[in-house]
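The data block below is query_8.cif; it holds mmCIF, C-alpha atoms.
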```cif
data_my_file
loop_
_atom_site.group_PDB
_atom_site.id
_atom_site.type_symbol
_atom_site.label_atom_id
_atom_site.label_comp_id
_atom_site.auth_asym_id
_atom_site.auth_seq_id
_atom_site.Cartn_x
_atom_site.Cartn_y
_atom_site.Cartn_z
ATOM 1 C CA MET L 1 145.841 124.403 134.235
ATOM 2 C CA ALA L 2 146.868 125.720 130.826
ATOM 3 C CA THR L 3 144.233 127.083 128.535
ATOM 4 C CA ASP L 4 144.144 126.110 124.896
ATOM 5 C CA ARG L 5 143.428 128.580 122.161
ATOM 6 C CA LYS L 6 139.940 128.379 120.790
ATOM 7 C CA LYS L 7 141.373 128.640 117.318
ATOM 8 C CA GLU L 8 144.872 128.238 115.987
ATOM 9 C CA ILE L 9 146.330 131.274 114.251
ATOM 10 C CA PRO L 10 146.440 130.570 110.506
ATOM 11 C CA ASN L 11 149.844 130.256 108.843
ATOM 12 C CA GLU L 12 148.924 133.193 106.618
ATOM 13 C CA VAL L 13 148.819 135.474 109.655
ATOM 14 C CA ILE L 14 152.304 134.331 110.645
ATOM 15 C CA THR L 15 153.526 134.929 107.072
ATOM 16 C CA VAL L 16 152.214 138.506 107.149
ATOM 17 C CA GLY L 17 153.979 139.078 110.476
ATOM 18 C CA ASN L 18 157.213 137.673 109.066
ATOM 19 C CA ASN L 19 156.893 139.967 106.046
ATOM 20 C CA ILE L 20 156.443 143.005 108.287
ATOM 21 C CA ALA L 21 159.508 142.016 110.328
ATOM 22 C CA ARG L 22 161.551 141.445 107.148
ATOM 23 C CA ILE L 23 160.636 144.847 105.702
ATOM 24 C CA ILE L 24 161.498 146.566 108.989
ATOM 25 C CA ARG L 25 164.904 144.825 108.977
ATOM 26 C CA GLU L 26 165.582 145.518 105.297
ATOM 27 C CA LYS L 27 164.783 149.205 105.702
ATOM 28 C CA ASP L 28 166.670 149.374 109.012
ATOM 29 C CA LEU L 29 163.667 150.933 110.739
ATOM 30 C CA LYS L 30 162.948 151.238 114.436
ATOM 31 C CA LEU L 31 159.938 149.299 115.685
ATOM 32 C CA ARG L 32 158.749 152.183 117.841
ATOM 33 C CA ILE L 33 158.794 154.563 114.863
ATOM 34 C CA VAL L 34 156.850 152.116 112.689
ATOM 35 C CA ALA L 35 154.352 151.630 115.517
ATOM 36 C CA HIS L 36 153.928 155.380 115.943
ATOM 37 C CA ASP L 37 153.557 155.982 112.210
ATOM 38 C CA SER L 38 151.007 153.128 112.058
ATOM 39 C CA ASP L 39 148.994 154.675 114.895
ATOM 40 C CA LEU L 40 149.628 151.570 117.026
ATOM 41 C CA ASP L 41 151.256 151.012 120.353
ATOM 42 C CA ILE L 42 154.488 149.065 120.130
ATOM 43 C CA GLU L 43 153.040 146.009 121.888
ATOM 44 C CA ALA L 44 150.213 145.754 119.358
ATOM 45 C CA LEU L 45 152.718 145.887 116.500
ATOM 46 C CA ARG L 46 154.809 143.194 118.196
ATOM 47 C CA ARG L 47 151.723 140.960 118.483
ATOM 48 C CA TYR L 48 150.987 141.419 114.775
ATOM 49 C CA ILE L 49 154.598 140.616 113.862
ATOM 50 C CA LYS L 50 154.595 137.576 116.124
ATOM 51 C CA GLY L 51 151.337 136.410 114.557
ATOM 52 C CA SER L 52 149.584 136.059 117.872
ATOM 53 C CA VAL L 53 146.794 138.436 116.813
ATOM 54 C CA VAL L 54 144.902 138.723 113.538
ATOM 55 C CA MET L 55 144.975 142.294 112.293
ATOM 56 C CA GLY L 56 142.195 144.078 110.476
ATOM 57 C CA ILE L 57 142.618 145.512 107.011
ATOM 58 C CA ASP L 58 142.772 149.032 108.468
ATOM 59 C CA LYS L 59 145.789 148.087 110.576
ATOM 60 C CA ALA L 60 147.485 146.396 107.612
ATOM 61 C CA LEU L 61 146.961 149.542 105.516
ATOM 62 C CA ASN L 62 148.412 151.743 108.265
ATOM 63 C CA ILE L 63 151.438 149.478 108.664
ATOM 64 C CA ALA L 64 152.046 149.388 104.894
ATOM 65 C CA LYS L 65 151.901 153.197 104.778
ATOM 66 C CA ALA L 66 154.310 153.468 107.703
ATOM 67 C CA LEU L 67 156.696 151.099 105.915
ATOM 68 C CA SER L 68 156.268 153.001 102.611
ATOM 69 C CA VAL L 69 155.321 149.821 100.761
ATOM 70 C CA ASP L 70 152.291 148.673 98.830
ATOM 71 C CA ILE L 71 149.992 146.573 101.003
ATOM 72 C CA SER L 72 150.612 143.617 98.691
ATOM 73 C CA GLU L 73 154.172 143.450 100.090
ATOM 74 C CA LEU L 74 152.730 142.430 103.452
ATOM 75 C CA PHE L 75 150.872 139.530 101.836
ATOM 76 C CA LYS L 76 153.720 138.072 99.756
ATOM 77 C CA GLY L 77 153.715 134.302 100.038
ATOM 78 C CA VAL L 78 150.175 134.121 101.374
#
```

Structure rendered as structure tokens:
Amino acid sequence: MATDRKKEIPNEVITVGNNIARIIREKDLKLRIVAHDSDLDIEALRRYIKGSVVMGIDKALNIAKALSVDISELFKGV
């Protein structure tokens, strides 16, 4: 029997994940390097990019620093 999510992930979370993925592509960065520089394991970063997990502001700040962008770049379109 499949379990349903208690709560759907908001579209804004998916948008933030898409923005992170776009910046990584545009800067031609390696996911494992971004994860390391963000003080995350690579699977956690993948979950944030996929939008399957809501990240805290501390994680968003760390990711923005690792990407060398202002945190507002992660929230474009939100």

For a quick check of your reading of the model, name the residues lying within 7 Å of the coordinate (156.2, 149.6, 117.3), counting all atoms listed in the file, and write them as an mmCIF file with C-alpha atoms, in the coordinates of the input.
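Contents of result00.cif, freshly written:
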```cif
data_model
loop_
_atom_site.group_PDB
_atom_site.id
_atom_site.type_symbol
_atom_site.label_atom_id
_atom_site.label_comp_id
_atom_site.auth_asym_id
_atom_site.auth_seq_id
_atom_site.Cartn_x
_atom_site.Cartn_y
_atom_site.Cartn_z
ATOM 1 C CA LEU L 31 159.938 149.299 115.685
ATOM 2 C CA ARG L 32 158.749 152.183 117.841
ATOM 3 C CA ILE L 33 158.794 154.563 114.863
ATOM 4 C CA VAL L 34 156.850 152.116 112.689
ATOM 5 C CA ALA L 35 154.352 151.630 115.517
ATOM 6 C CA HIS L 36 153.928 155.380 115.943
ATOM 7 C CA LEU L 40 149.628 151.570 117.026
ATOM 8 C CA ASP L 41 151.256 151.012 120.353
ATOM 9 C CA ILE L 42 154.488 149.065 120.130
ATOM 10 C CA GLU L 43 153.040 146.009 121.888
ATOM 11 C CA LEU L 45 152.718 145.887 116.500
ATOM 12 C CA ARG L 46 154.809 143.194 118.196
#
```

I want to know what sits within 9 Å of segment 67-76 of chain L, based on all atoms listed in the file, with residues of the same chain fewer than 3 positions away left out; could you give that as an mmCIF file with C-alpha atoms, in the coordinates of the input?
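Contents of result-v1.cif, as written:
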```
data_model
loop_
_atom_site.group_PDB
_atom_site.id
_atom_site.type_symbol
_atom_site.label_atom_id
_atom_site.label_comp_id
_atom_site.auth_asym_id
_atom_site.auth_seq_id
_atom_site.Cartn_x
_atom_site.Cartn_y
_atom_site.Cartn_z
ATOM 1 C CA GLU L 12 148.924 133.193 106.618
ATOM 2 C CA THR L 15 153.526 134.929 107.072
ATOM 3 C CA VAL L 16 152.214 138.506 107.149
ATOM 4 C CA GLY L 17 153.979 139.078 110.476
ATOM 5 C CA ASN L 18 157.213 137.673 109.066
ATOM 6 C CA ASN L 19 156.893 139.967 106.046
ATOM 7 C CA ILE L 20 156.443 143.005 108.287
ATOM 8 C CA ILE L 23 160.636 144.847 105.702
ATOM 9 C CA ILE L 24 161.498 146.566 108.989
ATOM 10 C CA LYS L 27 164.783 149.205 105.702
ATOM 11 C CA LEU L 29 163.667 150.933 110.739
ATOM 12 C CA VAL L 34 156.850 152.116 112.689
ATOM 13 C CA ASP L 37 153.557 155.982 112.210
ATOM 14 C CA SER L 38 151.007 153.128 112.058
ATOM 15 C CA ALA L 60 147.485 146.396 107.612
ATOM 16 C CA LEU L 61 146.961 149.542 105.516
ATOM 17 C CA ASN L 62 148.412 151.743 108.265
ATOM 18 C CA ILE L 63 151.438 149.478 108.664
ATOM 19 C CA ALA L 64 152.046 149.388 104.894
#
```

Report the distance between atom CA of Lys65 of chain L and atom CA of Lys7 of chain L in Å, rounded to one decimal place.
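We find that atom CA of Lys65 of chain L and atom CA of Lys7 of chain L lie 29.5 Å from each other.
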
Figure out the distance between atom CA of Arg25 of chain L and atom CA of Arg47 of chain L, please, to one decimal in Å.
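So the two atoms, atom CA of Arg47 of chain L and atom CA of Arg25 of chain L, lie 16.7 Å apart.
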
Neighbours of point (145.2, 133.0, 112.6) within 9 Å, using all atoms listed in the file, written as an MDAnalysis selection string:
chainID L and resid 7:14 51:54

Size and centre in Å, one decimal, axis-aligned box, all listed segment 36-42 of chain L atoms plus 3 Å per side, as JSON:
```
{"center_x": 151.7, "center_y": 152.5, "center_z": 116.2, "size_x": 11.5, "size_y": 12.9, "size_z": 14.3}
```

Some atoms are missing, so please complete segment 59-75 of chain L with N, CA and C atoms and return it as an mmCIF file, in the frame of the given file.
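Output below, filename selection-v7.cif:
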```
data_model
loop_
_atom_site.group_PDB
_atom_site.id
_atom_site.type_symbol
_atom_site.label_atom_id
_atom_site.label_comp_id
_atom_site.auth_asym_id
_atom_site.auth_seq_id
_atom_site.Cartn_x
_atom_site.Cartn_y
_atom_site.Cartn_z
ATOM 1 N N LYS L 59 144.460 148.128 109.949
ATOM 2 C CA LYS L 59 145.789 148.087 110.576
ATOM 3 C C LYS L 59 146.851 147.739 109.537
ATOM 4 N N ALA L 60 146.540 146.781 108.661
ATOM 5 C CA ALA L 60 147.485 146.396 107.612
ATOM 6 C C ALA L 60 147.786 147.579 106.693
ATOM 7 N N LEU L 61 146.761 148.347 106.346
ATOM 8 C CA LEU L 61 146.961 149.542 105.516
ATOM 9 C C LEU L 61 147.847 150.563 106.215
ATOM 10 N N ASN L 62 147.601 150.789 107.499
ATOM 11 C CA ASN L 62 148.412 151.743 108.265
ATOM 12 C C ASN L 62 149.869 151.295 108.352
ATOM 13 N N ILE L 63 150.073 150.005 108.572
ATOM 14 C CA ILE L 63 151.438 149.478 108.664
ATOM 15 C C ILE L 63 152.142 149.609 107.316
ATOM 16 N N ALA L 64 151.449 149.265 106.233
ATOM 17 C CA ALA L 64 152.046 149.388 104.894
ATOM 18 C C ALA L 64 152.438 150.837 104.615
ATOM 19 N N LYS L 65 151.582 151.777 104.979
ATOM 20 C CA LYS L 65 151.901 153.197 104.778
ATOM 21 C C LYS L 65 153.122 153.600 105.598
ATOM 22 N N ALA L 66 153.169 153.137 106.837
ATOM 23 C CA ALA L 66 154.310 153.468 107.703
ATOM 24 C C ALA L 66 155.611 152.890 107.161
ATOM 25 N N LEU L 67 155.511 151.742 106.495
ATOM 26 C CA LEU L 67 156.696 151.099 105.915
ATOM 27 C C LEU L 67 157.005 151.616 104.509
ATOM 28 N N SER L 68 156.128 152.469 103.976
ATOM 29 C CA SER L 68 156.268 153.001 102.611
ATOM 30 C C SER L 68 156.327 151.888 101.573
ATOM 31 N N VAL L 69 155.423 150.915 101.726
ATOM 32 C CA VAL L 69 155.321 149.821 100.761
ATOM 33 C C VAL L 69 153.855 149.661 100.369
ATOM 34 N N ASP L 70 153.638 149.024 99.223
ATOM 35 C CA ASP L 70 152.291 148.673 98.830
ATOM 36 C C ASP L 70 151.802 147.564 99.758
ATOM 37 N N ILE L 71 150.532 147.573 100.073
ATOM 38 C CA ILE L 71 149.992 146.573 101.003
ATOM 39 C C ILE L 71 150.245 145.139 100.524
ATOM 40 N N SER L 72 150.364 144.963 99.219
ATOM 41 C CA SER L 72 150.612 143.617 98.691
ATOM 42 C C SER L 72 151.937 143.041 99.191
ATOM 43 N N GLU L 73 152.900 143.914 99.543
ATOM 44 C CA GLU L 73 154.172 143.450 100.090
ATOM 45 C C GLU L 73 153.997 142.697 101.405
ATOM 46 N N LEU L 74 152.977 143.102 102.180
ATOM 47 C CA LEU L 74 152.730 142.430 103.452
ATOM 48 C C LEU L 74 152.180 141.026 103.241
ATOM 49 N N PHE L 75 151.543 140.804 102.089
ATOM 50 C CA PHE L 75 150.872 139.530 101.836
ATOM 51 C C PHE L 75 151.645 138.621 100.888
#
```
